[in-house]
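Peer 1: Below is run05.cif; it holds mmCIF, C-alpha atoms.
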```cif
data_final
loop_
_atom_site.group_PDB
_atom_site.id
_atom_site.type_symbol
_atom_site.label_atom_id
_atom_site.label_comp_id
_atom_site.auth_asym_id
_atom_site.auth_seq_id
_atom_site.Cartn_x
_atom_site.Cartn_y
_atom_site.Cartn_z
ATOM 1 C CA MET A 10 -53.444 6.515 -35.637
ATOM 2 C CA GLU A 11 -49.742 7.152 -36.297
ATOM 3 C CA PHE A 12 -48.996 7.219 -32.579
ATOM 4 C CA ALA A 13 -50.932 3.993 -31.999
ATOM 5 C CA LEU A 14 -49.240 2.030 -34.800
ATOM 6 C CA ILE A 15 -45.700 3.210 -34.036
ATOM 7 C CA SER A 16 -46.186 2.643 -30.297
ATOM 8 C CA LEU A 17 -47.517 -0.848 -31.030
ATOM 9 C CA LEU A 18 -44.477 -1.696 -33.168
ATOM 10 C CA ASN A 19 -42.078 -0.302 -30.563
ATOM 11 C CA GLY A 20 -43.955 -2.083 -27.779
ATOM 12 C CA VAL A 21 -43.777 -5.434 -29.590
ATOM 13 C CA THR A 22 -40.036 -4.916 -30.196
ATOM 14 C CA TYR A 23 -39.417 -4.124 -26.531
ATOM 15 C CA GLY A 24 -41.677 -6.947 -25.390
ATOM 16 C CA LEU A 25 -39.877 -9.535 -27.518
ATOM 17 C CA LEU A 26 -36.550 -8.323 -26.133
ATOM 18 C CA LEU A 27 -37.925 -8.799 -22.620
ATOM 19 C CA PHE A 28 -39.062 -12.304 -23.570
ATOM 20 C CA MET A 29 -35.586 -13.232 -24.785
ATOM 21 C CA LEU A 30 -34.257 -12.123 -21.434
ATOM 22 C CA SER A 31 -36.975 -13.755 -19.326
ATOM 23 C CA SER A 32 -37.243 -17.052 -21.240
ATOM 24 C CA GLY A 33 -33.902 -18.250 -19.922
ATOM 25 C CA LEU A 34 -34.855 -17.429 -16.338
ATOM 26 C CA THR A 35 -38.187 -19.216 -16.838
ATOM 27 C CA LEU A 36 -36.428 -22.361 -18.058
ATOM 28 C CA ILE A 37 -33.982 -22.260 -15.164
ATOM 29 C CA PHE A 38 -36.749 -21.860 -12.600
ATOM 30 C CA SER A 39 -38.880 -24.564 -14.237
ATOM 31 C CA MET A 40 -36.155 -27.161 -13.938
ATOM 32 C CA MET A 41 -34.106 -26.086 -10.936
ATOM 33 C CA ALA A 42 -36.527 -23.935 -8.891
ATOM 34 C CA VAL A 43 -33.771 -21.310 -8.696
ATOM 35 C CA LEU A 44 -34.714 -17.626 -8.949
ATOM 36 C CA ASN A 45 -31.398 -16.478 -10.360
ATOM 37 C CA PHE A 46 -30.830 -12.877 -9.241
ATOM 38 C CA ALA A 47 -27.763 -12.722 -11.480
ATOM 39 C CA HIS A 48 -29.700 -13.500 -14.661
ATOM 40 C CA ALA A 49 -29.722 -9.882 -15.871
ATOM 41 C CA SER A 50 -25.953 -9.845 -15.374
ATOM 42 C CA PHE A 51 -25.637 -12.361 -18.212
ATOM 43 C CA PHE A 52 -27.653 -9.930 -20.349
ATOM 44 C CA MET A 53 -25.122 -7.237 -19.480
ATOM 45 C CA LEU A 54 -22.156 -9.525 -20.182
ATOM 46 C CA GLY A 55 -23.639 -10.411 -23.567
ATOM 47 C CA ALA A 56 -23.720 -6.729 -24.531
ATOM 48 C CA TYR A 57 -20.168 -6.050 -23.329
ATOM 49 C CA PHE A 58 -18.751 -9.191 -24.927
ATOM 50 C CA ALA A 59 -20.474 -8.274 -28.196
ATOM 51 C CA TYR A 60 -18.982 -4.781 -28.000
ATOM 52 C CA GLN A 61 -15.485 -6.165 -27.434
ATOM 53 C CA ILE A 62 -15.704 -8.922 -30.038
ATOM 54 C CA GLY A 63 -17.413 -6.626 -32.545
ATOM 55 C CA SER A 64 -14.649 -4.049 -32.151
ATOM 56 C CA ALA A 65 -12.067 -6.654 -33.153
ATOM 57 C CA THR A 66 -14.105 -8.508 -35.776
ATOM 58 C CA SER A 67 -17.725 -7.748 -36.707
ATOM 59 C CA PHE A 68 -21.193 -7.617 -35.197
ATOM 60 C CA TRP A 69 -22.127 -10.929 -36.844
ATOM 61 C CA VAL A 70 -19.195 -12.739 -35.260
ATOM 62 C CA ALA A 71 -20.136 -11.167 -31.927
ATOM 63 C CA LEU A 72 -23.738 -12.331 -32.335
ATOM 64 C CA LEU A 73 -22.447 -15.897 -32.573
ATOM 65 C CA LEU A 74 -19.570 -15.891 -30.077
ATOM 66 C CA ALA A 75 -20.839 -13.675 -27.250
ATOM 67 C CA PRO A 76 -23.824 -15.919 -26.313
ATOM 68 C CA LEU A 77 -21.570 -18.988 -26.494
ATOM 69 C CA LEU A 78 -19.041 -17.425 -24.123
ATOM 70 C CA VAL A 79 -21.727 -16.291 -21.701
ATOM 71 C CA GLY A 80 -23.357 -19.736 -21.907
ATOM 72 C CA VAL A 81 -20.058 -21.337 -20.900
ATOM 73 C CA ILE A 82 -19.741 -18.912 -17.988
ATOM 74 C CA GLY A 83 -23.293 -19.737 -16.935
ATOM 75 C CA ALA A 84 -22.568 -23.482 -17.071
ATOM 76 C CA LEU A 85 -19.457 -22.996 -14.924
ATOM 77 C CA VAL A 86 -21.445 -20.915 -12.429
ATOM 78 C CA GLU A 87 -24.001 -23.704 -12.088
ATOM 79 C CA ARG A 88 -21.425 -26.476 -11.880
ATOM 80 C CA PHE A 89 -19.077 -24.914 -9.344
ATOM 81 C CA GLY A 90 -21.338 -22.430 -7.577
ATOM 82 C CA ILE A 91 -25.067 -23.067 -7.557
ATOM 83 C CA ARG A 92 -24.692 -26.848 -7.356
ATOM 84 C CA LYS A 93 -22.628 -26.496 -4.187
ATOM 85 C CA ALA A 94 -24.933 -23.835 -2.722
ATOM 86 C CA HIS A 95 -27.935 -26.093 -3.434
ATOM 87 C CA ARG A 96 -26.796 -28.435 -0.675
ATOM 88 C CA PHE A 97 -27.604 -25.706 1.865
ATOM 89 C CA GLY A 98 -31.074 -24.853 0.541
ATOM 90 C CA HIS A 99 -32.743 -22.174 -1.556
ATOM 91 C CA VAL A 100 -31.672 -19.317 0.701
ATOM 92 C CA ALA A 101 -28.029 -20.118 -0.001
ATOM 93 C CA GLU A 102 -28.767 -20.227 -3.744
ATOM 94 C CA LEU A 103 -30.469 -16.841 -3.640
ATOM 95 C CA LEU A 104 -27.632 -15.301 -1.644
ATOM 96 C CA PHE A 105 -25.069 -16.774 -4.039
ATOM 97 C CA THR A 106 -26.769 -15.393 -7.156
ATOM 98 C CA PHE A 107 -27.413 -12.062 -5.415
ATOM 99 C CA GLY A 108 -23.715 -11.726 -4.619
ATOM 100 C CA LEU A 109 -22.818 -12.863 -8.127
ATOM 101 C CA SER A 110 -24.840 -9.992 -9.619
ATOM 102 C CA PHE A 111 -22.771 -7.466 -7.659
ATOM 103 C CA LEU A 112 -19.557 -9.228 -8.630
ATOM 104 C CA ALA A 113 -20.478 -9.083 -12.320
ATOM 105 C CA VAL A 114 -21.086 -5.326 -12.155
ATOM 106 C CA GLU A 115 -17.773 -4.738 -10.371
ATOM 107 C CA VAL A 116 -15.886 -6.818 -12.953
ATOM 108 C CA VAL A 117 -17.517 -4.924 -15.815
ATOM 109 C CA GLN A 118 -16.618 -1.581 -14.235
ATOM 110 C CA LEU A 119 -13.067 -2.771 -13.659
ATOM 111 C CA VAL A 120 -12.586 -3.890 -17.267
ATOM 112 C CA TRP A 121 -14.685 -1.399 -19.262
ATOM 113 C CA GLY A 122 -15.129 1.471 -16.813
ATOM 114 C CA LYS A 123 -18.225 3.064 -15.311
ATOM 115 C CA ALA A 124 -19.218 5.072 -18.396
ATOM 116 C CA ALA A 125 -21.261 3.703 -21.286
ATOM 117 C CA VAL A 126 -19.256 2.136 -24.126
ATOM 118 C CA ASP A 127 -19.659 3.037 -27.798
ATOM 119 C CA TYR A 128 -21.517 -0.088 -28.903
ATOM 120 C CA ARG A 129 -23.219 0.869 -32.158
ATOM 121 C CA VAL A 130 -25.728 -0.663 -34.521
ATOM 122 C CA PRO A 131 -23.828 -2.275 -37.458
ATOM 123 C CA ALA A 132 -23.707 -0.247 -40.652
ATOM 124 C CA ALA A 133 -25.524 -2.951 -42.617
ATOM 125 C CA LEU A 134 -28.579 -2.598 -40.337
ATOM 126 C CA GLN A 135 -28.683 1.183 -40.149
ATOM 127 C CA GLY A 136 -31.281 3.167 -42.025
ATOM 128 C CA THR A 137 -35.045 3.168 -42.437
ATOM 129 C CA LEU A 138 -37.074 0.109 -43.331
ATOM 130 C CA PHE A 139 -40.278 2.030 -44.052
ATOM 131 C CA THR A 140 -41.967 5.320 -43.230
ATOM 132 C CA LEU A 141 -45.375 5.296 -41.587
ATOM 133 C CA TYR A 142 -47.043 8.676 -41.906
ATOM 134 C CA ALA A 143 -44.175 10.937 -40.778
ATOM 135 C CA THR A 144 -42.355 8.389 -38.606
ATOM 136 C CA SER A 145 -39.463 6.264 -39.835
ATOM 137 C CA TYR A 146 -39.148 2.673 -38.639
ATOM 138 C CA PRO A 147 -35.489 1.557 -38.356
ATOM 139 C CA ILE A 148 -34.160 -1.591 -40.018
ATOM 140 C CA TYR A 149 -32.521 -2.643 -36.764
ATOM 141 C CA LYS A 150 -35.811 -2.823 -34.859
ATOM 142 C CA ALA A 151 -37.178 -5.149 -37.534
ATOM 143 C CA PHE A 152 -34.000 -7.206 -37.136
ATOM 144 C CA MET A 153 -34.602 -7.388 -33.371
ATOM 145 C CA ILE A 154 -38.131 -8.667 -33.979
ATOM 146 C CA ALA A 155 -36.870 -11.252 -36.495
ATOM 147 C CA VAL A 156 -34.210 -12.560 -34.092
ATOM 148 C CA SER A 157 -36.732 -12.733 -31.245
ATOM 149 C CA VAL A 158 -39.291 -14.644 -33.321
ATOM 150 C CA PHE A 159 -36.603 -16.986 -34.673
ATOM 151 C CA MET A 160 -35.373 -17.665 -31.134
ATOM 152 C CA LEU A 161 -38.926 -18.321 -29.921
ATOM 153 C CA ALA A 162 -39.611 -20.748 -32.772
ATOM 154 C CA GLY A 163 -36.244 -22.442 -32.303
ATOM 155 C CA LEU A 164 -36.727 -22.819 -28.554
ATOM 156 C CA TYR A 165 -40.220 -24.272 -28.997
ATOM 157 C CA SER A 166 -39.049 -26.686 -31.706
ATOM 158 C CA PHE A 167 -36.042 -27.762 -29.645
ATOM 159 C CA LEU A 168 -38.110 -28.523 -26.545
ATOM 160 C CA THR A 169 -40.929 -30.198 -28.501
ATOM 161 C CA TYR A 170 -39.353 -32.171 -31.330
ATOM 162 C CA THR A 171 -35.816 -33.138 -30.289
ATOM 163 C CA ARG A 172 -34.794 -36.001 -28.037
ATOM 164 C CA ILE A 173 -32.739 -33.711 -25.793
ATOM 165 C CA GLY A 174 -35.681 -31.336 -25.538
ATOM 166 C CA LEU A 175 -38.013 -34.143 -24.501
ATOM 167 C CA ILE A 176 -35.519 -35.257 -21.839
ATOM 168 C CA ILE A 177 -35.325 -31.673 -20.551
ATOM 169 C CA GLN A 178 -39.119 -31.438 -20.387
ATOM 170 C CA ALA A 179 -39.264 -34.730 -18.529
ATOM 171 C CA ALA A 180 -36.616 -33.505 -16.107
ATOM 172 C CA LEU A 181 -38.735 -30.418 -15.399
ATOM 173 C CA SER A 182 -41.417 -32.478 -13.683
ATOM 174 C CA ARG A 183 -39.871 -35.890 -12.901
ATOM 175 C CA PRO A 184 -36.105 -35.595 -12.450
ATOM 176 C CA ASP A 185 -36.069 -38.775 -10.325
ATOM 177 C CA MET A 186 -37.578 -40.816 -13.167
ATOM 178 C CA VAL A 187 -35.185 -39.305 -15.715
ATOM 179 C CA GLN A 188 -32.295 -40.199 -13.399
ATOM 180 C CA ALA A 189 -33.636 -43.749 -13.049
ATOM 181 C CA LEU A 190 -33.669 -44.098 -16.863
ATOM 182 C CA GLY A 191 -29.928 -43.501 -16.934
ATOM 183 C CA HIS A 192 -29.750 -39.812 -17.833
ATOM 184 C CA ASP A 193 -27.333 -37.508 -16.029
ATOM 185 C CA VAL A 194 -29.768 -34.993 -14.473
ATOM 186 C CA PRO A 195 -27.053 -32.769 -12.921
ATOM 187 C CA ARG A 196 -25.477 -32.424 -16.353
ATOM 188 C CA ILE A 197 -28.885 -31.527 -17.799
ATOM 189 C CA PHE A 198 -29.208 -28.860 -15.107
ATOM 190 C CA THR A 199 -25.818 -27.457 -16.131
ATOM 191 C CA LEU A 200 -26.788 -27.383 -19.815
ATOM 192 C CA VAL A 201 -30.119 -25.691 -19.073
ATOM 193 C CA PHE A 202 -28.494 -23.066 -16.869
ATOM 194 C CA GLY A 203 -25.859 -22.410 -19.518
ATOM 195 C CA GLY A 204 -28.523 -22.271 -22.237
ATOM 196 C CA GLY A 205 -30.652 -19.873 -20.216
ATOM 197 C CA SER A 206 -27.628 -17.641 -19.692
ATOM 198 C CA ALA A 207 -26.924 -17.719 -23.447
ATOM 199 C CA LEU A 208 -30.509 -16.636 -24.182
ATOM 200 C CA ALA A 209 -30.028 -13.641 -21.889
ATOM 201 C CA ALA A 210 -26.764 -12.879 -23.684
ATOM 202 C CA ILE A 211 -28.517 -12.881 -27.087
ATOM 203 C CA ALA A 212 -30.860 -10.224 -25.718
ATOM 204 C CA GLY A 213 -27.790 -8.277 -24.617
ATOM 205 C CA VAL A 214 -26.114 -8.555 -28.017
ATOM 206 C CA ILE A 215 -29.072 -7.205 -29.978
ATOM 207 C CA GLY A 216 -30.385 -4.902 -27.260
ATOM 208 C CA GLY A 217 -27.151 -3.368 -26.010
ATOM 209 C CA ASN A 218 -26.595 -1.235 -29.100
ATOM 210 C CA ALA A 219 -30.277 -0.354 -29.493
ATOM 211 C CA PHE A 220 -30.322 1.097 -25.965
ATOM 212 C CA VAL A 221 -27.248 1.889 -23.821
ATOM 213 C CA THR A 222 -24.476 -0.520 -22.856
ATOM 214 C CA GLU A 223 -23.435 0.482 -19.355
ATOM 215 C CA PRO A 224 -22.940 -1.236 -15.972
ATOM 216 C CA ALA A 225 -26.396 -0.114 -14.783
ATOM 217 C CA MET A 226 -28.212 -1.935 -17.602
ATOM 218 C CA ALA A 227 -28.566 -5.093 -15.519
ATOM 219 C CA ASP A 228 -30.173 -3.183 -12.642
ATOM 220 C CA ALA A 229 -32.514 -1.426 -15.077
ATOM 221 C CA LEU A 230 -33.989 -4.607 -16.602
ATOM 222 C CA GLY A 231 -33.371 -7.168 -13.861
ATOM 223 C CA PRO A 232 -36.433 -6.343 -11.716
ATOM 224 C CA ILE A 233 -38.729 -6.257 -14.772
ATOM 225 C CA VAL A 234 -37.588 -9.767 -15.719
ATOM 226 C CA PHE A 235 -38.731 -11.099 -12.351
ATOM 227 C CA VAL A 236 -42.028 -9.248 -12.777
ATOM 228 C CA ILE A 237 -42.524 -11.010 -16.129
ATOM 229 C CA VAL A 238 -41.815 -14.418 -14.611
ATOM 230 C CA VAL A 239 -44.332 -13.792 -11.807
ATOM 231 C CA VAL A 240 -47.033 -12.263 -14.029
ATOM 232 C CA GLY A 241 -46.663 -14.956 -16.692
ATOM 233 C CA GLY A 242 -46.653 -17.766 -14.150
ATOM 234 C CA LEU A 243 -43.613 -19.343 -12.546
ATOM 235 C CA GLY A 244 -42.076 -21.790 -14.984
ATOM 236 C CA SER A 245 -44.400 -21.059 -17.922
ATOM 237 C CA LEU A 246 -42.723 -20.086 -21.202
ATOM 238 C CA ALA A 247 -46.075 -19.244 -22.790
ATOM 239 C CA GLY A 248 -46.919 -17.073 -19.795
ATOM 240 C CA ALA A 249 -43.554 -15.312 -20.005
ATOM 241 C CA PHE A 250 -44.197 -14.588 -23.695
ATOM 242 C CA ILE A 251 -47.647 -13.115 -23.017
ATOM 243 C CA ALA A 252 -46.427 -11.104 -20.013
ATOM 244 C CA SER A 253 -43.440 -9.749 -21.959
ATOM 245 C CA LEU A 254 -45.605 -8.473 -24.804
ATOM 246 C CA LEU A 255 -48.197 -7.106 -22.374
ATOM 247 C CA ILE A 256 -45.656 -5.158 -20.328
ATOM 248 C CA GLY A 257 -43.694 -4.039 -23.387
ATOM 249 C CA ILE A 258 -46.763 -2.664 -25.175
ATOM 250 C CA LEU A 259 -48.368 -1.091 -22.099
ATOM 251 C CA GLN A 260 -45.164 0.595 -20.981
ATOM 252 C CA THR A 261 -44.441 1.925 -24.479
ATOM 253 C CA PHE A 262 -47.927 3.418 -24.801
ATOM 254 C CA MET A 263 -47.712 4.948 -21.330
ATOM 255 C CA VAL A 264 -44.317 6.552 -21.978
ATOM 256 C CA GLY A 265 -45.752 8.336 -25.005
ATOM 257 C CA THR A 266 -48.991 9.458 -23.317
ATOM 258 C CA ASN A 267 -48.688 12.678 -21.327
ATOM 259 C CA TYR A 268 -52.225 12.362 -19.964
ATOM 260 C CA SER A 269 -53.501 12.191 -16.362
ATOM 261 C CA LEU A 270 -56.779 11.210 -14.725
ATOM 262 C CA VAL A 271 -57.570 14.900 -14.284
ATOM 263 C CA ASP A 272 -57.019 15.467 -18.014
ATOM 264 C CA PHE A 273 -59.305 12.533 -18.817
ATOM 265 C CA ALA A 274 -62.026 13.919 -16.545
ATOM 266 C CA ARG A 275 -61.788 17.292 -18.257
ATOM 267 C CA SER A 276 -62.089 15.672 -21.678
ATOM 268 C CA VAL A 277 -65.497 14.262 -20.707
ATOM 269 C CA GLY A 278 -66.668 17.549 -19.197
ATOM 270 C CA ILE A 279 -65.873 16.916 -15.519
ATOM 271 C CA GLN A 280 -63.947 19.668 -13.750
ATOM 272 C CA ILE A 281 -61.809 18.555 -10.790
ATOM 273 C CA HIS A 282 -60.305 21.400 -8.748
ATOM 274 C CA SER A 283 -58.916 19.577 -5.720
ATOM 275 C CA ALA A 284 -57.666 16.282 -7.102
ATOM 276 C CA PRO A 285 -54.996 14.342 -5.163
ATOM 277 C CA ALA A 286 -51.428 14.462 -6.437
ATOM 278 C CA LEU A 287 -51.645 10.904 -7.778
ATOM 279 C CA ALA A 288 -54.540 11.832 -10.065
ATOM 280 C CA ARG A 289 -52.454 14.628 -11.552
ATOM 281 C CA LEU A 290 -49.557 12.367 -12.501
ATOM 282 C CA SER A 291 -49.394 11.637 -16.219
ATOM 283 C CA LEU A 292 -49.196 8.127 -17.661
ATOM 284 C CA THR A 293 -45.632 8.959 -18.701
ATOM 285 C CA GLN A 294 -44.701 9.478 -15.055
ATOM 286 C CA LEU A 295 -46.485 6.279 -14.022
ATOM 287 C CA ALA A 296 -44.942 4.104 -16.756
ATOM 288 C CA ALA A 297 -41.934 3.124 -14.637
ATOM 289 C CA ILE A 298 -44.065 1.612 -11.861
ATOM 290 C CA MET A 299 -46.675 0.020 -14.127
ATOM 291 C CA PRO A 300 -45.002 -3.450 -14.239
ATOM 292 C CA TYR A 301 -44.871 -3.606 -10.443
ATOM 293 C CA VAL A 302 -48.498 -2.492 -10.058
ATOM 294 C CA LEU A 303 -49.450 -5.229 -12.531
ATOM 295 C CA MET A 304 -47.449 -7.791 -10.548
ATOM 296 C CA VAL A 305 -49.168 -6.811 -7.286
ATOM 297 C CA ALA A 306 -52.575 -7.089 -8.961
ATOM 298 C CA ILE A 307 -51.699 -10.532 -10.359
ATOM 299 C CA LEU A 308 -50.505 -11.736 -6.943
ATOM 300 C CA ILE A 309 -53.766 -10.576 -5.371
ATOM 301 C CA PHE A 310 -56.267 -11.858 -7.931
ATOM 302 C CA ARG A 311 -54.392 -14.718 -9.670
ATOM 303 C CA PRO A 312 -51.341 -15.780 -7.636
ATOM 304 C CA ARG A 313 -50.337 -18.523 -10.095
ATOM 305 C CA GLY A 314 -49.939 -15.975 -12.895
ATOM 306 C CA ILE A 315 -51.445 -15.833 -16.367
ATOM 307 C CA MET A 316 -50.366 -19.332 -17.432
ATOM 308 C CA GLY A 317 -48.976 -20.791 -14.230
ATOM 309 C CA ALA A 318 -49.979 -24.289 -13.230
ATOM 310 C CA ARG A 319 -49.525 -23.875 -9.473
ATOM 311 C CA GLU A 320 -50.617 -21.418 -6.829
ATOM 312 C CA THR A 321 -47.069 -21.276 -5.411
#
```
Would it be possible to restate this file's structure as structure tokens?

Peer 2:
Amino acid sequence: MEFALISLLNGVTYGLLLFMLSSGLTLIFSMMAVLNFAHASFFMLGAYFAYQIGSATSFWVALLLAPLLVGVIGALVERFGIRKAHRFGHVAELLFTFGLSFLAVEVVQLVWGKAAVDYRVPAALQGTLFTLYATSYPIYKAFMIAVSVFMLAGLYSFLTYTRIGLIIQAALSRPDMVQALGHDVPRIFTLVFGGGSALAAIAGVIGGNAFVTEPAMADALGPIVFVIVVVGGLGSLAGAFIASLLIGILQTFMVGTNYSLVDFARSVGIQIHSAPALARLSLTQLAAIMPYVLMVAILIFRPRGIMGARET
């Protein structure tokens, strides 16, 4: 019971962090049909900017300023990069963002080095919130959940109840009509791309010190973000939320379960003496590939994803 409850809490925390990272990419794809390969780089920049700003001021200042700075960078990338590449089609956009991801890593290594930086949890959020059985649950993980839920509620309220949010939603499906009504659709695209980049940066600010802030962090989470977008359904925020929690919880349980198919067979009284190597692999060993197996299964049996509206 202790393992199940703690794994569930850790899985929800990790899943909400993945949603913060994937929600921005989902918004960008919904409006612009751009699969931004550099999206995880904004997550990485958010962590490094927070480390640098926090070293000079405080974590709370970094939590405010780092996403704003990354959002501005994202808006500039859209305005002077992706908008120009868009004229030459989606392949040019993909190649541009793919090259941008490598450029971001090289810049980070040039400025902060190749080793991990000492980005720590703030003193005010250190310590134990509660103890469940013999396991302590940190205050900072509860803070991560609170920020994730607040961001989810704020994003939903912004898109549903504000005039700008309604214009953005209209531009998702009918940009020509929004343009005809006098709204500057290219500017809306820039704001959405910058906002999506800022959302990724928020995940970097609160996730960078909980995990490890290093140049490889973008490569570690980048592929999983695309898996979430595909599994949830291209362009669906609700689908991205469900897929993030699903992958976060499943992967957390698998990491903590050193149990194979052979072990399961033995537990029910079946002895297997010549099992293939795959059947002898534990769930811990299979945890890393679980998101990709899930994505393949979704593409085979439900290509539009969990909440996707199209089969494309």

Peer 1: Which residues, named as in the file, does the PyMOL selection byres ((chain A and resi 145-157) around 6) pick out? Answer as a ChimeraX atom specification.

Peer 2: /A:22,25,134,136-140,144,158-160

Peer 1: Give the answer as one residue: which of A:Leu72, A:Val120, A:Ala101, A:Ala125 has the shortest atom-to-atom distance to Phe220 of chain A, using only C-alpha atoms?

Peer 2: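 So, comparing all the options, the nearest one is A:Ala125.
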
Peer 1: Contacts of Gly122 of chain A at 10 Å or less, counting all atoms listed in the file, minus same-chain residues fewer than 6 places along, as a short mmCIF file (atom, residue, chain, number, x, y, z; two decimals) with C-alpha atoms, keeping the file's coordinate frame?

Peer 2:
```cif
data_model
loop_
_atom_site.label_atom_id
_atom_site.label_comp_id
_atom_site.auth_asym_id
_atom_site.auth_seq_id
_atom_site.Cartn_x
_atom_site.Cartn_y
_atom_site.Cartn_z
CA GLU A 115 -17.77 -4.74 -10.37
CA VAL A 116 -15.89 -6.82 -12.95
CA GLU A 223 -23.44 0.48 -19.36
CA PRO A 224 -22.94 -1.24 -15.97
#
```

Peer 1: Around all the atoms of segment 248-266 of chain A listed in the file, draw an axis-aligned box and extend it by 3 Å on each of the six sides; I want its centre and edge lengths in Å to one decimal, as AutoDock Vina command-line options.

Peer 2:
```
--center_x -46.2 --center_y -3.8 --center_z -22.5 --size_x 11.6 --size_y 32.5 --size_z 11.4
```

Peer 1: Rank A:Ala210, A:Leu308, A:Met29, A:Gly317 by their smallest atom-to-atom distance to Gly163 of chain A, using all atoms listed in the file, and report the top residue only.

Peer 2: A:Met29

Peer 1: Please write as a PyMOL selection string the full residue list that the PyMOL selection byres ((chain A and resi 110) around 12) yields on this file.

Peer 2: chain A and resi 45-54+86+103-109+111-117+224-228+231

Peer 1: Those residues you just picked out, can you put them in a file as a PDB file, in the coordinates of the input with C-alpha atoms?

Peer 2:
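The resulting file, out-v2.pdb, is reproduced below:
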```pdb
ATOM      1  CA  ASN A  45     -31.398 -16.478 -10.360  1.00  0.00           C
ATOM      2  CA  PHE A  46     -30.830 -12.877  -9.241  1.00  0.00           C
ATOM      3  CA  ALA A  47     -27.763 -12.722 -11.480  1.00  0.00           C
ATOM      4  CA  HIS A  48     -29.700 -13.500 -14.661  1.00  0.00           C
ATOM      5  CA  ALA A  49     -29.722  -9.882 -15.871  1.00  0.00           C
ATOM      6  CA  SER A  50     -25.953  -9.845 -15.374  1.00  0.00           C
ATOM      7  CA  PHE A  51     -25.637 -12.361 -18.212  1.00  0.00           C
ATOM      8  CA  PHE A  52     -27.653  -9.930 -20.349  1.00  0.00           C
ATOM      9  CA  MET A  53     -25.122  -7.237 -19.480  1.00  0.00           C
ATOM     10  CA  LEU A  54     -22.156  -9.525 -20.182  1.00  0.00           C
ATOM     11  CA  VAL A  86     -21.445 -20.915 -12.429  1.00  0.00           C
ATOM     12  CA  LEU A 103     -30.469 -16.841  -3.640  1.00  0.00           C
ATOM     13  CA  LEU A 104     -27.632 -15.301  -1.644  1.00  0.00           C
ATOM     14  CA  PHE A 105     -25.069 -16.774  -4.039  1.00  0.00           C
ATOM     15  CA  THR A 106     -26.769 -15.393  -7.156  1.00  0.00           C
ATOM     16  CA  PHE A 107     -27.413 -12.062  -5.415  1.00  0.00           C
ATOM     17  CA  GLY A 108     -23.715 -11.726  -4.619  1.00  0.00           C
ATOM     18  CA  LEU A 109     -22.818 -12.863  -8.127  1.00  0.00           C
ATOM     19  CA  PHE A 111     -22.771  -7.466  -7.659  1.00  0.00           C
ATOM     20  CA  LEU A 112     -19.557  -9.228  -8.630  1.00  0.00           C
ATOM     21  CA  ALA A 113     -20.478  -9.083 -12.320  1.00  0.00           C
ATOM     22  CA  VAL A 114     -21.086  -5.326 -12.155  1.00  0.00           C
ATOM     23  CA  GLU A 115     -17.773  -4.738 -10.371  1.00  0.00           C
ATOM     24  CA  VAL A 116     -15.886  -6.818 -12.953  1.00  0.00           C
ATOM     25  CA  VAL A 117     -17.517  -4.924 -15.815  1.00  0.00           C
ATOM     26  CA  PRO A 224     -22.940  -1.236 -15.972  1.00  0.00           C
ATOM     27  CA  ALA A 225     -26.396  -0.114 -14.783  1.00  0.00           C
ATOM     28  CA  MET A 226     -28.212  -1.935 -17.602  1.00  0.00           C
ATOM     29  CA  ALA A 227     -28.566  -5.093 -15.519  1.00  0.00           C
ATOM     30  CA  ASP A 228     -30.173  -3.183 -12.642  1.00  0.00           C
ATOM     31  CA  GLY A 231     -33.371  -7.168 -13.861  1.00  0.00           C
TER      32      GLY A 231
END
```

Peer 1: Pick from A:Ile62, A:Gly242, A:Val194, A:Leu295: nearest to Ile307 of chain A, with all atoms listed in the file counted?

Peer 2: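 Under the stated criterion, the closest residue is A:Gly242.
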
Peer 1: Find the residue from A:Met186, A:Leu200, A:Leu34, A:Val239 that sits nearest to Ile82 of chain A; use only C-alpha atoms when measuring.

Peer 2: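 Going through A:Met186, A:Leu200, A:Leu34, A:Val239 one by one, the smallest distance to Ile82 of chain A is for A:Leu200.
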
Peer 1: Using only C-alpha atoms, which of A:Leu18, A:Val240, A:Leu230, A:Ala71 sits nearest Pro131 of chain A?

Peer 2: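 Smallest distance to Pro131 of chain A is found for A:Ala71.
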
Peer 1: Hey, can you check how far atom CA of Tyr23 of chain A sits from atom CA of Tyr170 of chain A?

Peer 2: 28.5 Å

Peer 1: Tell me which protein, DNA and RNA residues are within 7 Å of Ala84 of chain A, counting all atoms listed in the file, leaving out same-chain ones fewer than 2 positions away, and put them as a PyMOL selection string.

Peer 2: chain A and resi 80-82+86-88+199-200+202-203

Peer 1: Pick out the residues sitting within 9 Å of Val130 of chain A, and hand them over as a ChimeraX atom specification; count all atoms listed in the file, and ignore anything fewer than 2 positions along from it in its own chain.

Peer 2: /A:68,128,132-135,149,215,218-219

Peer 1: Just say which residues the PyMOL selection byres ((chain A and resi 244) around 8) picks in this file, as a list in words.

Peer 2: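 Selection result, ordered by chain and number: Thr35, Leu36, Phe38, Ser39, Val238, Gly242, Leu243, Ser245, Leu246 and Gly317 of chain A.
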